[in-house]
$ cat query-v6.cif   # mmCIF, C-alpha atoms and all ligand atoms
data_final
#
loop_
_atom_site.group_PDB
_atom_site.id
_atom_site.type_symbol
_atom_site.label_atom_id
_atom_site.label_comp_id
_atom_site.auth_asym_id
_atom_site.auth_seq_id
_atom_site.Cartn_x
_atom_site.Cartn_y
_atom_site.Cartn_z
ATOM 1 C CA MET M 1 -13.105 -1.912 18.289
ATOM 2 C CA LEU M 2 -13.225 0.071 15.052
ATOM 3 C CA LEU M 3 -14.220 -2.626 12.550
ATOM 4 C CA GLU M 4 -16.596 -5.038 14.300
ATOM 5 C CA GLY M 5 -18.786 -6.833 11.762
ATOM 6 C CA LYS M 6 -16.907 -5.603 8.705
ATOM 7 C CA VAL M 7 -15.319 -7.727 5.968
ATOM 8 C CA VAL M 8 -11.932 -6.531 4.725
ATOM 9 C CA LEU M 9 -9.903 -7.636 1.741
ATOM 10 C CA ILE M 10 -6.217 -6.716 1.751
ATOM 11 C CA THR M 11 -3.742 -7.491 -1.033
ATOM 12 C CA GLY M 12 -0.038 -8.226 -0.594
ATOM 13 C CA ALA M 13 -0.649 -9.752 2.836
ATOM 14 C CA ALA M 14 1.895 -12.596 2.696
ATOM 15 C CA ARG M 15 4.516 -10.346 4.289
ATOM 16 C CA GLY M 16 5.525 -6.777 5.074
ATOM 17 C CA ILE M 17 3.088 -3.907 5.563
ATOM 18 C CA GLY M 18 0.156 -5.935 4.210
ATOM 19 C CA ARG M 19 0.644 -8.768 6.682
ATOM 20 C CA ALA M 20 1.106 -6.426 9.665
ATOM 21 C CA THR M 21 -1.972 -4.446 8.605
ATOM 22 C CA ALA M 22 -4.073 -7.598 8.204
ATOM 23 C CA PHE M 23 -3.377 -8.466 11.872
ATOM 24 C CA ILE M 24 -4.339 -4.951 13.008
ATOM 25 C CA LEU M 25 -7.591 -5.028 11.020
ATOM 26 C CA ALA M 26 -8.410 -8.401 12.598
ATOM 27 C CA GLN M 27 -7.639 -7.039 16.086
ATOM 28 C CA GLU M 28 -10.110 -4.233 15.336
ATOM 29 C CA GLY M 29 -12.827 -6.854 14.842
ATOM 30 C CA ALA M 30 -12.925 -7.397 11.069
ATOM 31 C CA ALA M 31 -13.079 -10.675 9.172
ATOM 32 C CA VAL M 32 -10.089 -10.488 6.851
ATOM 33 C CA GLY M 33 -9.646 -11.810 3.327
ATOM 34 C CA VAL M 34 -5.970 -11.854 2.383
ATOM 35 C CA VAL M 35 -4.728 -12.023 -1.209
ATOM 36 C CA ASP M 36 -1.201 -12.484 -2.497
ATOM 37 C CA VAL M 37 0.684 -14.096 -5.348
ATOM 38 C CA LEU M 38 2.759 -15.990 -2.750
ATOM 39 C CA PRO M 39 1.330 -19.132 -1.101
ATOM 40 C CA GLU M 40 2.679 -17.854 2.268
ATOM 41 C CA VAL M 41 -0.496 -15.766 2.427
ATOM 42 C CA GLU M 42 -2.175 -18.944 3.753
ATOM 43 C CA THR M 43 0.016 -18.616 6.862
ATOM 44 C CA THR M 44 -1.255 -15.062 7.438
ATOM 45 C CA ALA M 45 -4.844 -16.346 7.313
ATOM 46 C CA ARG M 46 -4.132 -19.269 9.670
ATOM 47 C CA GLU M 47 -2.435 -16.924 12.194
ATOM 48 C CA ILE M 48 -5.397 -14.523 12.120
ATOM 49 C CA GLU M 49 -7.736 -17.464 12.725
ATOM 50 C CA LYS M 50 -5.642 -18.491 15.746
ATOM 51 C CA SER M 51 -6.335 -15.054 17.202
ATOM 52 C CA GLY M 52 -10.058 -15.804 17.016
ATOM 53 C CA ARG M 53 -11.055 -13.885 13.867
ATOM 54 C CA SER M 54 -12.238 -15.287 10.533
ATOM 55 C CA SER M 55 -9.772 -15.169 7.673
ATOM 56 C CA VAL M 56 -9.646 -16.630 4.172
ATOM 57 C CA ALA M 57 -6.681 -16.551 1.806
ATOM 58 C CA GLY M 58 -6.768 -16.203 -1.975
ATOM 59 C CA ILE M 59 -3.727 -16.760 -4.142
ATOM 60 C CA ALA M 60 -3.772 -14.464 -7.165
ATOM 61 C CA ASP M 61 -1.646 -12.226 -9.333
ATOM 62 C CA ILE M 62 -3.609 -8.990 -9.001
ATOM 63 C CA SER M 63 -2.543 -7.842 -12.466
ATOM 64 C CA ASP M 64 -4.748 -10.605 -13.934
ATOM 65 C CA PRO M 65 -8.480 -9.731 -13.805
ATOM 66 C CA GLY M 66 -9.457 -13.428 -14.085
ATOM 67 C CA GLN M 67 -7.334 -14.440 -11.095
ATOM 68 C CA VAL M 68 -8.658 -11.454 -9.141
ATOM 69 C CA HIS M 69 -12.244 -12.522 -9.893
ATOM 70 C CA ASP M 70 -11.657 -16.097 -8.712
ATOM 71 C CA ALA M 71 -9.819 -15.051 -5.520
ATOM 72 C CA VAL M 72 -12.458 -12.466 -4.573
ATOM 73 C CA GLN M 73 -15.300 -14.934 -5.219
ATOM 74 C CA GLY M 74 -13.594 -17.518 -2.991
ATOM 75 C CA ILE M 75 -13.290 -14.992 -0.141
ATOM 76 C CA VAL M 76 -16.811 -13.568 -0.574
ATOM 77 C CA SER M 77 -18.347 -17.055 -0.544
ATOM 78 C CA GLU M 78 -16.880 -17.631 2.935
ATOM 79 C CA LEU M 79 -16.821 -14.187 4.555
ATOM 80 C CA GLY M 80 -19.548 -12.257 2.686
ATOM 81 C CA ASP M 81 -19.386 -9.112 0.547
ATOM 82 C CA ILE M 82 -16.289 -6.944 0.944
ATOM 83 C CA ASN M 83 -16.931 -3.704 2.870
ATOM 84 C CA ILE M 84 -13.319 -2.515 3.005
ATOM 85 C CA LEU M 85 -10.637 -2.934 0.318
ATOM 86 C CA VAL M 86 -6.968 -2.260 1.003
ATOM 87 C CA ASN M 87 -4.853 -2.170 -2.178
ATOM 88 C CA ASN M 88 -1.426 -2.762 -0.657
ATOM 89 C CA ALA M 89 0.398 -5.195 -2.997
ATOM 90 C CA GLY M 90 3.204 -3.547 -4.900
ATOM 91 C CA ILE M 91 6.506 -4.324 -6.593
ATOM 92 C CA VAL M 92 9.775 -2.702 -7.553
ATOM 93 C CA LYS M 93 10.986 -4.385 -10.729
ATOM 94 C CA ASN M 94 13.669 -1.936 -11.755
ATOM 95 C CA ILE M 95 16.289 0.194 -10.025
ATOM 96 C CA SER M 96 18.165 1.899 -12.851
ATOM 97 C CA SER M 97 17.823 4.879 -15.133
ATOM 98 C CA LEU M 98 14.951 5.299 -17.588
ATOM 99 C CA THR M 99 17.357 4.611 -20.454
ATOM 100 C CA LYS M 100 18.185 1.187 -19.010
ATOM 101 C CA MET M 101 14.659 0.208 -17.981
ATOM 102 C CA THR M 102 13.111 -2.424 -20.251
ATOM 103 C CA HIS M 103 9.572 -2.093 -21.610
ATOM 104 C CA GLU M 104 8.799 -5.378 -19.887
ATOM 105 C CA ALA M 105 9.808 -4.034 -16.444
ATOM 106 C CA TRP M 106 7.798 -0.842 -17.049
ATOM 107 C CA GLU M 107 4.686 -2.818 -18.064
ATOM 108 C CA ARG M 108 5.016 -5.117 -15.061
ATOM 109 C CA GLU M 109 5.280 -2.293 -12.511
ATOM 110 C CA ILE M 110 2.299 -0.471 -14.022
ATOM 111 C CA SER M 111 0.207 -3.628 -14.295
ATOM 112 C CA VAL M 112 0.788 -4.764 -10.690
ATOM 113 C CA ASN M 113 0.975 -1.430 -8.854
ATOM 114 C CA LEU M 114 -1.708 0.474 -10.774
ATOM 115 C CA SER M 115 -3.853 -1.900 -12.848
ATOM 116 C CA GLY M 116 -3.883 -4.342 -9.899
ATOM 117 C CA ALA M 117 -5.659 -1.750 -7.754
ATOM 118 C CA PHE M 118 -8.102 -0.984 -10.593
ATOM 119 C CA ASN M 119 -8.849 -4.715 -11.030
ATOM 120 C CA MET M 120 -9.553 -5.104 -7.312
ATOM 121 C CA ILE M 121 -11.803 -2.036 -7.115
ATOM 122 C CA LYS M 122 -13.819 -3.167 -10.172
ATOM 123 C CA GLU M 123 -14.306 -6.568 -8.562
ATOM 124 C CA VAL M 124 -15.551 -5.437 -5.122
ATOM 125 C CA ILE M 125 -17.234 -2.056 -5.588
ATOM 126 C CA GLY M 126 -20.647 -3.329 -6.802
ATOM 127 C CA PRO M 127 -21.935 -4.499 -3.382
ATOM 128 C CA MET M 128 -20.446 -1.366 -1.737
ATOM 129 C CA ILE M 129 -22.595 0.776 -4.071
ATOM 130 C CA GLU M 130 -25.674 -1.358 -3.357
ATOM 131 C CA LYS M 131 -25.159 -1.114 0.420
ATOM 132 C CA LYS M 132 -24.275 2.603 0.266
ATOM 133 C CA TRP M 133 -21.162 1.972 2.369
ATOM 134 C CA GLY M 134 -17.580 1.190 1.485
ATOM 135 C CA ARG M 135 -13.983 2.030 2.222
ATOM 136 C CA ILE M 136 -11.118 1.802 -0.282
ATOM 137 C CA ILE M 137 -7.567 2.515 0.842
ATOM 138 C CA ASN M 138 -4.730 2.529 -1.664
ATOM 139 C CA ILE M 139 -1.093 2.278 -0.618
ATOM 140 C CA SER M 140 1.091 4.524 -2.740
ATOM 141 C CA SER M 141 4.475 6.052 -1.759
ATOM 142 C CA ILE M 142 5.996 9.466 -1.101
ATOM 143 C CA GLY M 143 7.724 8.829 -4.443
ATOM 144 C CA ALA M 144 4.337 9.452 -6.086
ATOM 145 C CA THR M 145 4.532 13.209 -5.661
ATOM 146 C CA GLY M 146 8.172 14.096 -6.278
ATOM 147 C CA GLY M 147 9.370 11.271 -8.497
ATOM 148 C CA LEU M 148 12.041 8.747 -7.549
ATOM 149 C CA HIS M 149 15.533 8.697 -8.953
ATOM 150 C CA HIS M 150 16.110 5.431 -10.914
ATOM 151 C CA GLN M 151 12.577 4.155 -10.265
ATOM 152 C CA VAL M 152 10.565 5.741 -13.058
ATOM 153 C CA GLY M 153 8.034 2.904 -13.441
ATOM 154 C CA TYR M 154 7.450 2.601 -9.710
ATOM 155 C CA ALA M 155 7.052 6.370 -9.251
ATOM 156 C CA ALA M 156 4.705 6.633 -12.236
ATOM 157 C CA SER M 157 2.572 3.701 -11.063
ATOM 158 C CA LYS M 158 2.349 5.136 -7.539
ATOM 159 C CA ALA M 159 1.426 8.569 -8.964
ATOM 160 C CA GLY M 160 -1.291 6.846 -10.994
ATOM 161 C CA LEU M 161 -2.825 5.620 -7.749
ATOM 162 C CA LEU M 162 -3.412 9.262 -6.734
ATOM 163 C CA GLY M 163 -5.552 9.871 -9.837
ATOM 164 C CA LEU M 164 -7.360 6.552 -9.369
ATOM 165 C CA THR M 165 -8.140 7.399 -5.739
ATOM 166 C CA LYS M 166 -9.499 10.878 -6.443
ATOM 167 C CA THR M 167 -11.645 9.712 -9.349
ATOM 168 C CA VAL M 168 -13.223 6.955 -7.240
ATOM 169 C CA THR M 169 -14.066 9.647 -4.664
ATOM 170 C CA LEU M 170 -15.606 11.918 -7.316
ATOM 171 C CA GLU M 171 -17.687 9.108 -8.787
ATOM 172 C CA HIS M 172 -18.691 7.243 -5.619
ATOM 173 C CA ALA M 173 -18.678 9.568 -2.590
ATOM 174 C CA ARG M 174 -22.460 9.872 -3.002
ATOM 175 C CA ASP M 175 -22.669 6.067 -2.722
ATOM 176 C CA GLY M 176 -21.297 6.260 0.821
ATOM 177 C CA ILE M 177 -17.845 5.138 -0.334
ATOM 178 C CA THR M 178 -14.615 6.784 0.734
ATOM 179 C CA CYS M 179 -11.380 6.267 -1.178
ATOM 180 C CA ASN M 180 -8.104 7.533 0.264
ATOM 181 C CA VAL M 181 -4.440 6.985 -0.476
ATOM 182 C CA ILE M 182 -1.601 6.515 2.009
ATOM 183 C CA LEU M 183 1.923 7.594 1.045
ATOM 184 C CA PRO M 184 4.454 5.707 3.183
ATOM 185 C CA GLY M 185 8.032 6.867 3.494
ATOM 186 C CA LEU M 186 10.732 4.363 4.464
ATOM 187 C CA ILE M 187 9.032 1.613 6.474
ATOM 188 C CA GLY M 188 10.893 -1.165 8.287
ATOM 189 C CA THR M 189 9.609 -4.287 6.552
ATOM 190 C CA GLU M 190 11.576 -7.518 6.478
ATOM 191 C CA LEU M 191 13.052 -6.478 3.099
ATOM 192 C CA VAL M 192 14.030 -2.989 4.296
ATOM 193 C CA HIS M 193 15.716 -4.453 7.402
ATOM 194 C CA GLN M 194 17.778 -6.698 5.081
ATOM 195 C CA MET M 195 19.116 -3.689 3.131
ATOM 196 C CA PRO M 196 22.828 -2.882 3.646
ATOM 197 C CA GLU M 197 23.413 -0.707 6.745
ATOM 198 C CA GLU M 198 25.075 2.040 4.679
ATOM 199 C CA ILE M 199 21.923 2.494 2.566
ATOM 200 C CA LYS M 200 19.717 2.750 5.666
ATOM 201 C CA GLU M 201 22.148 5.169 7.324
ATOM 202 C CA ALA M 202 22.227 7.347 4.205
ATOM 203 C CA ALA M 203 18.430 7.603 4.345
ATOM 204 C CA LEU M 204 18.217 8.696 7.983
ATOM 205 C CA PRO M 205 19.298 12.337 7.464
ATOM 206 C CA LEU M 206 16.368 12.694 5.041
ATOM 207 C CA ILE M 207 13.874 11.675 7.745
ATOM 208 C CA PRO M 208 13.166 14.532 10.196
ATOM 209 C CA THR M 209 12.002 11.940 12.777
ATOM 210 C CA ARG M 210 15.431 10.242 12.362
ATOM 211 C CA ARG M 211 14.107 6.711 12.334
ATOM 212 C CA ILE M 212 12.601 4.231 9.896
ATOM 213 C CA GLY M 213 8.821 3.831 10.262
ATOM 214 C CA GLN M 214 7.165 0.743 11.687
ATOM 215 C CA MET M 215 4.769 -1.342 9.602
ATOM 216 C CA GLU M 216 2.102 -0.944 12.279
ATOM 217 C CA GLU M 217 2.270 2.846 11.884
ATOM 218 C CA VAL M 218 0.815 2.364 8.400
ATOM 219 C CA GLY M 219 -1.603 -0.321 9.615
ATOM 220 C CA HIS M 220 -3.173 1.833 12.320
ATOM 221 C CA LEU M 221 -3.924 4.593 9.811
ATOM 222 C CA VAL M 222 -5.472 2.005 7.484
ATOM 223 C CA SER M 223 -7.742 0.786 10.287
ATOM 224 C CA PHE M 224 -8.857 4.340 11.145
ATOM 225 C CA LEU M 225 -9.558 5.214 7.483
ATOM 226 C CA ALA M 226 -11.509 1.958 7.217
ATOM 227 C CA SER M 227 -13.720 2.822 10.160
ATOM 228 C CA GLU M 228 -17.040 4.620 10.550
ATOM 229 C CA LYS M 229 -15.185 7.501 12.241
ATOM 230 C CA ALA M 230 -13.367 8.423 9.005
ATOM 231 C CA GLY M 231 -16.520 8.939 6.917
ATOM 232 C CA TYR M 232 -15.718 12.552 5.999
ATOM 233 C CA ILE M 233 -12.114 11.865 4.915
ATOM 234 C CA ASN M 234 -12.386 11.278 1.185
ATOM 235 C CA GLY M 235 -10.028 11.623 -1.773
ATOM 236 C CA SER M 236 -7.176 12.443 0.610
ATOM 237 C CA GLU M 237 -3.447 11.776 0.239
ATOM 238 C CA ILE M 238 -1.979 11.035 3.655
ATOM 239 C CA PRO M 239 1.784 10.581 4.100
ATOM 240 C CA VAL M 240 3.140 8.279 6.847
ATOM 241 C CA ASP M 241 6.783 9.193 6.519
ATOM 242 C CA GLY M 242 8.158 10.886 9.655
ATOM 243 C CA GLY M 243 8.250 14.086 7.564
ATOM 244 C CA MET M 244 10.599 12.601 4.940
ATOM 245 C CA ARG M 245 8.714 14.191 2.019
ATOM 246 C CA LEU M 246 9.636 17.643 3.322
ATOM 247 C CA ASN M 247 13.337 16.959 2.961
ATOM 248 C CA VAL M 248 13.096 15.837 -0.637
ATOM 249 C CA SER M 249 11.104 18.865 -1.760
ATOM 250 C CA THR M 250 12.071 21.967 0.238
ATOM 251 C CA LEU M 251 15.080 24.180 -0.226
ATOM 252 C CA GLY M 252 15.718 24.671 3.494
ATOM 253 C CA SER M 253 15.879 20.956 4.123
ATOM 254 C CA ARG M 254 18.250 20.436 1.195
ATOM 255 C CA LYS M 255 20.589 22.901 2.888
ATOM 256 C CA GLU M 256 20.330 20.921 6.138
ATOM 257 C CA ILE M 257 21.142 17.678 4.311
ATOM 258 C CA ARG M 258 24.178 19.286 2.649
ATOM 259 C CA GLU M 259 25.401 20.457 6.049
ATOM 260 C CA MET M 260 24.963 16.997 7.542
ATOM 261 C CA ARG M 261 26.716 15.270 4.655
ATOM 262 C CA GLY M 262 29.520 17.794 4.255
ATOM 263 C CA PRO M 263 30.549 19.747 1.136
ATOM 264 C CA VAL M 264 29.498 18.453 -2.274
ATOM 265 C CA SER M 265 32.278 17.915 -4.814
ATOM 266 C CA ARG M 266 31.951 20.209 -7.850
ATOM 267 C CA LYS M 267 33.879 17.686 -9.990
ATOM 268 C CA GLY M 268 31.562 14.679 -9.620
HETATM 269 N N1 LIG M 301 8.426 -0.589 2.735
HETATM 270 C C1 LIG M 301 8.493 0.662 2.372
HETATM 271 O O1 LIG M 301 9.398 1.411 2.801
HETATM 272 C C2 LIG M 301 7.448 1.257 1.451
HETATM 273 C C3 LIG M 301 7.535 2.620 1.155
HETATM 274 C C4 LIG M 301 6.581 3.203 0.330
HETATM 275 C C5 LIG M 301 5.565 2.428 -0.195
HETATM 276 N N2 LIG M 301 5.499 1.094 0.084
HETATM 277 C C6 LIG M 301 4.396 0.338 -0.512
HETATM 278 O O2 LIG M 301 3.739 -0.408 0.481
HETATM 279 C C7 LIG M 301 3.224 -1.625 -0.089
HETATM 280 C C8 LIG M 301 3.732 -2.814 0.715
HETATM 281 O O3 LIG M 301 5.145 -2.795 0.636
HETATM 282 P P1 LIG M 301 6.115 -3.752 1.475
HETATM 283 O O4 LIG M 301 7.315 -2.965 1.727
HETATM 284 O O5 LIG M 301 5.362 -4.411 2.553
HETATM 285 O O6 LIG M 301 6.477 -4.793 0.287
HETATM 286 P P2 LIG M 301 6.767 -6.372 0.316
HETATM 287 O O7 LIG M 301 7.494 -6.668 -0.944
HETATM 288 O O8 LIG M 301 7.352 -6.794 1.607
HETATM 289 O O9 LIG M 301 5.278 -6.955 0.226
HETATM 290 C C9 LIG M 301 4.518 -6.806 -0.945
HETATM 291 C C10 LIG M 301 3.576 -7.979 -1.054
HETATM 292 O O10 LIG M 301 2.851 -7.841 -2.302
HETATM 293 C C11 LIG M 301 2.834 -9.119 -2.915
HETATM 294 N N3 LIG M 301 2.696 -9.001 -4.376
HETATM 295 C C12 LIG M 301 3.650 -8.561 -5.235
HETATM 296 N N4 LIG M 301 3.190 -8.665 -6.487
HETATM 297 C C13 LIG M 301 1.932 -9.169 -6.416
HETATM 298 C C14 LIG M 301 0.966 -9.508 -7.391
HETATM 299 N N5 LIG M 301 1.193 -9.347 -8.708
HETATM 300 N N6 LIG M 301 -0.226 -9.998 -6.977
HETATM 301 C C15 LIG M 301 -0.469 -10.176 -5.655
HETATM 302 N N7 LIG M 301 0.425 -9.885 -4.686
HETATM 303 C C16 LIG M 301 1.607 -9.379 -5.068
HETATM 304 C C17 LIG M 301 4.168 -9.749 -2.549
HETATM 305 O O11 LIG M 301 4.164 -11.153 -2.749
HETATM 306 C C18 LIG M 301 4.316 -9.329 -1.112
HETATM 307 O O12 LIG M 301 3.728 -10.255 -0.219
HETATM 308 C C19 LIG M 301 3.701 -1.643 -1.536
HETATM 309 O O13 LIG M 301 2.673 -1.178 -2.378
HETATM 310 C C20 LIG M 301 4.869 -0.692 -1.536
HETATM 311 O O14 LIG M 301 5.081 -0.115 -2.802
HETATM 312 C C21 LIG M 301 6.431 0.495 0.891
#
$ encode --input "query-v6.cif" --output "structure tokens"
Amino acid sequence: MLLEGKVVLITGAARGIGRATAFILAQEGAAVGVVDVLPEVETTAREIEKSGRSSVAGIADISDPGQVHDAVQGIVSELGDINILVNNAGIVKNISSLTKMTHEAWEREISVNLSGAFNMIKEVIGPMIEKKWGRIINISSIGATGGLHHQVGYAASKAGLLGLTKTVTLEHARDGITCNVILPGLIGTELVHQMPEEIKEAALPLIPTRRIGQMEEVGHLVSFLASEKAGYINGSEIPVDGGMRLNVSTLGSRKEIREMRGPVSRKG
């Protein structure tokens, strides 16, 4: 097992990638603190406990430093200091052009997706520095590097996570802490499975692997990056996307997509 004796805290673990990853981290031997704004996160903790591992839930909005403090203290008092932090919680608040996006939606996406990760790191990094060992894994998106049409706040917040990650590495690598960022492509969470079939089918030609990713395919990378074995991987951006990023940024792939979709109308 990769994580025997370690204490993990993962955010956004009530459902989706966070929940699936929490189970994998527990299977690898960790005690797992799970944080979410939704009360369903208690169910994640109870199910982990049924599998024989310790788990404690904290309900908090990660954009609020006070709520983060209280949730982390509740978990630490039961499981001990956090050795591994997984900043997974994230939201999409707006799918429309920049001109239509409200300031409120922008602020909310930045404060959950980016400031939430900062709040969590500030709260747990002290004991990591003292113990000269820590792992921080941030979950971004392939939209962080090339932008995302009609999701300017989301793309900007996810790009911000890249700068946050690399700066933590620069400041704390000598403290035995690694900080890496995972860039998922399209992953088959409950919400993605509920999307209309035509939207999922339109995405498939962009994915060289020609399938949507599984939540566990993100979770297994998280567990490796969290382990002792990954000690020399630091400040890295690692996509888990079946190659999808290549099709949104290379000329050759654009040609392939055009061929698969048929001719593009010059009028539209
Ligand atoms: N699913 C994908 O295809 C995909 C692709 C790229 C990146 N991601 C990223 O992966 C992460 C997980 O995504 P998912 O698809 O599992 O999403 P999801 O919506 O299924 O789960 C996100 C979880 O975060 C929680 N959350 C939201 N706001 C919160 C807040 N303020 N405080 C605490 N918890 C909060 C939600 O309650 C939810 O349980 C996100 O950061 C997302 O941006 C997902």
$ residues_around --input "query-v6.cif" --residues "Leu9 in chain M" --least-positions-apart "3" --cutoff "12 Å" --atoms "all atoms listed in the file" --output "PyMOL selection string"
chain M and resi 6+12-13+18-19+21-22+25-26+30-36+45+54-58+68+71-76+79-89+117+120-121+123-125+134-138+226
$ closest_atom_pairs --input "query-v6.cif" --of "chain M" --to "ligand LIG 301 (chain M)" --cutoff "7 Å" --atoms "only C-alpha atoms and all ligand atoms" --output "tab-separated table"
residue	atom	partner	partner_atom	distance
M:Thr11	CA	M:LIG301	N7	6.0
M:Gly12	CA	M:LIG301	O10	3.4
M:Ala13	CA	M:LIG301	O12	5.4
M:Ala14	CA	M:LIG301	O12	4.2
M:Arg15	CA	M:LIG301	O12	4.6
M:Gly16	CA	M:LIG301	O5	3.5
M:Ile17	CA	M:LIG301	O5	3.8
M:Gly18	CA	M:LIG301	O5	5.7
M:Val35	CA	M:LIG301	C15	6.4
M:Asp36	CA	M:LIG301	N7	3.8
M:Val37	CA	M:LIG301	C15	4.1
M:Leu38	CA	M:LIG301	O11	5.0
M:Ala60	CA	M:LIG301	C15	5.6
M:Asp61	CA	M:LIG301	N6	3.5
M:Ile62	CA	M:LIG301	N6	4.1
M:Ser63	CA	M:LIG301	N5	5.5
M:Asn88	CA	M:LIG301	O13	4.7
M:Ala89	CA	M:LIG301	O10	3.7
M:Gly90	CA	M:LIG301	O13	3.5
M:Ile91	CA	M:LIG301	C12	5.3
M:Val112	CA	M:LIG301	N5	5.0
M:Asn113	CA	M:LIG301	O13	6.7
M:Ile139	CA	M:LIG301	O13	5.4
M:Ser140	CA	M:LIG301	C5	5.6
M:Ser141	CA	M:LIG301	C5	4.1
M:Ile142	CA	M:LIG301	C4	6.5
M:Leu183	CA	M:LIG301	C4	6.4
M:Pro184	CA	M:LIG301	C4	4.4
M:Gly185	CA	M:LIG301	C3	4.9
M:Leu186	CA	M:LIG301	O1	3.6
M:Ile187	CA	M:LIG301	O1	3.7
M:Gly188	CA	M:LIG301	N1	6.1
M:Thr189	CA	M:LIG301	N1	5.4
M:Glu190	CA	M:LIG301	O8	6.5
M:Leu191	CA	M:LIG301	O8	5.9
M:Val192	CA	M:LIG301	N1	6.3
$ closest_atom_pairs --input "query-v6.cif" --of "range 158-233 of chain M" --to "range 99-110 of chain M" --cutoff "12 Å" --atoms "all atoms listed in the file" --output "CSV"
residue,atom,partner,partner_atom,distance
M:Lys158,CA,M:Ile110,CA,8.6
M:Ala159,CA,M:Ile110,CA,10.4
M:Gly160,CA,M:Ile110,CA,8.7
M:Leu161,CA,M:Ile110,CA,10.1
$ atom_distance --input "query-v6.cif" --atom1 "CA of Gln67 in chain M" --atom2 "CA of Lys166 in chain M"
25.8 Å
$ resolve_selection --input "query-v6.cif" --expression "the PyMOL selection byres (((chain M and resi 198-201) around 12) and not hetatm)" --output "ChimeraX atom specification"
/M:186-188,191-197,202-207,210-213,261
$ residues_around --input "query-v6.cif" --residues "range 146-149 of chain M" --least-positions-apart "6" --cutoff "9 Å" --atoms "only C-alpha atoms" --output "JSON, numbers by chain"
{"M": [95, 96, 97, 155, 156, 159, 245, 248, 249]}
$ atom_distance --input "query-v6.cif" --atom1 "CA of Ile24 in chain M" --atom2 "CA of Leu164 in chain M"
25.3 Å
$ atom_distance --input "query-v6.cif" --atom1 "CA of Asn234 in chain M" --atom2 "CA of Val168 in chain M"
9.5 Å
$ resolve_selection --input "query-v6.cif" --expression "the PyMOL selection byres (((chain M and resi 132) around 8) and not hetatm)" --output "PyMOL selection string"
chain M and resi 128-131+133-134+175-177
$ closest_residue --input "query-v6.cif" --among "M:Asp70, M:Glu28, M:Glu237, M:Glu217" --to "Ser51 in chain M" --atoms "all atoms listed in the file"
M:Glu28
$ closest_residue --input "query-v6.cif" --among "M:Ala173, M:Val7, M:Leu114, M:Ala20" --to "Glu78 in chain M" --atoms "only C-alpha atoms"
M:Val7
$ build_atoms --input "query-v6.cif" --residues "range 208-219 of chain M" --atoms "N, CA and C atoms" --output "PDB file, in the coordinates of the input"
ATOM      1  N   PRO M 208      13.118  13.641   9.030  1.00  0.00           N
ATOM      2  CA  PRO M 208      13.166  14.532  10.196  1.00  0.00           C
ATOM      3  C   PRO M 208      13.007  13.777  11.516  1.00  0.00           C
ATOM      4  N   THR M 209      12.224  12.715  11.552  1.00  0.00           N
ATOM      5  CA  THR M 209      12.002  11.940  12.777  1.00  0.00           C
ATOM      6  C   THR M 209      13.226  11.086  13.138  1.00  0.00           C
ATOM      7  N   ARG M 210      14.150  10.963  12.178  1.00  0.00           N
ATOM      8  CA  ARG M 210      15.431  10.242  12.362  1.00  0.00           C
ATOM      9  C   ARG M 210      15.253   8.769  12.743  1.00  0.00           C
ATOM     10  N   ARG M 211      14.231   8.157  12.205  1.00  0.00           N
ATOM     11  CA  ARG M 211      14.107   6.711  12.334  1.00  0.00           C
ATOM     12  C   ARG M 211      13.269   6.191  11.168  1.00  0.00           C
ATOM     13  N   ILE M 212      13.426   4.899  10.901  1.00  0.00           N
ATOM     14  CA  ILE M 212      12.601   4.231   9.896  1.00  0.00           C
ATOM     15  C   ILE M 212      11.240   3.943  10.524  1.00  0.00           C
ATOM     16  N   GLY M 213      10.171   4.058   9.732  1.00  0.00           N
ATOM     17  CA  GLY M 213       8.821   3.831  10.262  1.00  0.00           C
ATOM     18  C   GLY M 213       8.542   2.365  10.544  1.00  0.00           C
ATOM     19  N   GLN M 214       7.567   2.126  11.400  1.00  0.00           N
ATOM     20  CA  GLN M 214       7.165   0.743  11.687  1.00  0.00           C
ATOM     21  C   GLN M 214       5.949   0.374  10.825  1.00  0.00           C
ATOM     22  N   MET M 215       5.882  -0.888  10.451  1.00  0.00           N
ATOM     23  CA  MET M 215       4.769  -1.342   9.602  1.00  0.00           C
ATOM     24  C   MET M 215       3.422  -1.022  10.247  1.00  0.00           C
ATOM     25  N   GLU M 216       3.366  -1.167  11.561  1.00  0.00           N
ATOM     26  CA  GLU M 216       2.102  -0.944  12.279  1.00  0.00           C
ATOM     27  C   GLU M 216       1.657   0.521  12.203  1.00  0.00           C
ATOM     28  N   GLU M 217       2.635   1.429  11.980  1.00  0.00           N
ATOM     29  CA  GLU M 217       2.270   2.846  11.884  1.00  0.00           C
ATOM     30  C   GLU M 217       1.477   3.119  10.596  1.00  0.00           C
ATOM     31  N   VAL M 218       1.676   2.301   9.587  1.00  0.00           N
ATOM     32  CA  VAL M 218       0.815   2.364   8.400  1.00  0.00           C
ATOM     33  C   VAL M 218      -0.511   1.651   8.711  1.00  0.00           C
ATOM     34  N   GLY M 219      -0.408   0.497   9.347  1.00  0.00           N
ATOM     35  CA  GLY M 219      -1.603  -0.321   9.615  1.00  0.00           C
ATOM     36  C   GLY M 219      -2.645   0.388  10.465  1.00  0.00           C
TER      37      GLY M 219
END
